[in-house]
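The structure appears right after this line, and notes come after that.
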Amino acid sequence: MEGGLYLFVGACRATQVVHLFPTVSPEIVVREARLEDCWEVAETHCSSFFPEYSFPLDFVLRVDRLVGMLSGFSIPPGCRRTCLVAVIGGSVGDTFLFGTEDFKIGGFDGKFSLNKGYVTGILTIDTVADFLPRKGPLRQRRTGIAYISNVAVRERFRRKGIAKRLIAKAEAQAKSWGFRAVALHCDLNNPDAKKLYKDQGFRCITASEGANWPQPKTAPDVKFNFMMKLLNTPTTTA
């Protein structure tokens with residue numbers, strides 16, 4: 001499932017690590033995902049977008065997602081992809097990193113930490129433009145617009161502003177890349193997500209009649225709103 005926000009995630013059946021941490025924490029840090037976060041990113045993604053799966057299928061799905069993150073996710077030359085995570089229990093000031101900044105697998109940083117924290121939410125931002133309307137008669141890729149997808153927050157940590165912080169971090173990342181706007185697809189059957197995005201300054205963009213805009217690859221009966229935000233647009237205080 002690409003795009004959209006799911007805040008009604010069930011606790012992952014494959015692990016009970018979440019119970020080691022309290023529901024309310026004074027510190028949640030949003031940062032770039034590292035290789036050590038891969039399994040928890042896969043868990044968050046699968047329990048969000050495939051909550052109906054039970055053991056052993058849920059475990060197999062997580063393994064498949066993990067393998068996909070580590071071996072696939074190739075991107076065209078010149079494009080970027082970054083996975084962001086919101087973590088609890090890992091203080092930035094106390095974090096010791098080792099590894100190289102130049103090494104990446106998919107959207108994951110090649111560095112490791114001795115105090116990584118527990119992943120409570122995820123978001124992916126890229127410049128590939130696969131799900132942005134093409135421009136011109138030659139259907140060229142859009143430039144200057146970063147695309148947000150796979151936004152998910154674990155159930156125990158919803159309604160704590162985590163999704164907003166992930167989005168804000170994604171916008172900052174897009175600005176650092178020199179991009180002027182961010183865009184995403186929001187499931188029409190997810191009104192909470194639509195409200196969140198609108199409060200953050202996103203606006204629905206309607207396709208002209210007869211236009212065939214690309215959409216995320218998911219079940220054929222799922223419909224989406226295409227939403228976009230100019231990065232100099234002020235947000236609404238929620």
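Residues are named by chain letter and number: chains run A, B, ... in the order of the structure tokens, numbers start at 1 in each chain, and ligands are numbered from 1 in the order shown.
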
**Asked** What lies within 9 Å of Glu40 of chain A using only C-alpha atoms, ignoring chain neighbours under 5 positions off, as a PyMOL selection string?
**Response** chain A and resi 45+118-120

**Message:** Quick check, in Å to one decimal: how far apart do atom CA of Leu35 of chain A and atom CA of Arg158 of chain A lie?
**Reply:**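 Atom CA of Arg158 of chain A lies at a distance of 24.3 Å from atom CA of Leu35 of chain A.
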
**Item:** All residues 9 Å or closer to Val222 of chain A, only C-alpha atoms, same chain fewer than 6 positions away omitted, as a ChimeraX atom specification
**Value:** /A:187-189

**Fill in**
Of A:Arg154, A:Lys195, A:Lys135, A:Arg141, the one sitting nearest Ile88 of chain A when using only C-alpha atoms is A:Arg154

**Request:** Work out how far atom CA of Ile145 of chain A is from atom CA of Phe50 of chain A, in Å to one decimal.
**Result:**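 Atom CA of Ile145 of chain A lies at a distance of 28.4 Å from atom CA of Phe50 of chain A.
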
**Request:** Can you pull out every residue within 10 Å of Val128 of chain A, counting only C-alpha atoms, but drop anything in the same chain fewer than 4 positions away, and send it as a PyMOL selection string?
**Result:** chain A and resi 75-81+132+141-143+145-147

**Prompt:** Just asking: which residues within segment 97-201 of chain A are strand (DSSP E or B) according to DSSP, as JSON, numbers by chain?
**Reply:** {"A": [97, 98, 104, 105, 108, 109, 112, 113, 118, 119, 120, 121, 122, 123, 124, 125, 126, 135, 140, 145, 146, 147, 148, 149, 150, 151, 152, 153, 181, 182, 183, 184, 185, 186, 187]}

**Prompt:** Could you name the residues that touch Val87 of chain A at 10 Å or less, counting only C-alpha atoms, but leaving out those on the same chain fewer than 6 positions away, as a VMD selection string?
**Reply:** chain A and resid 27 to 31 33 37 116 to 122 162

**Request:** One decimal, Å: what's the distance from atom CA of Ala163 of chain A over to atom CA of Pro56 of chain A, could you say?
**Result:**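 Separation between atom CA of Ala163 of chain A and atom CA of Pro56 of chain A: 29.2 Å.
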
**Request:** For Lys164 of chain A, please output as a ChimeraX atom specification all residues within 8 Å (counting only C-alpha atoms; exclusion window: fewer than 3 positions along the same chain).
**Result:** /A:161,167-168,196,200
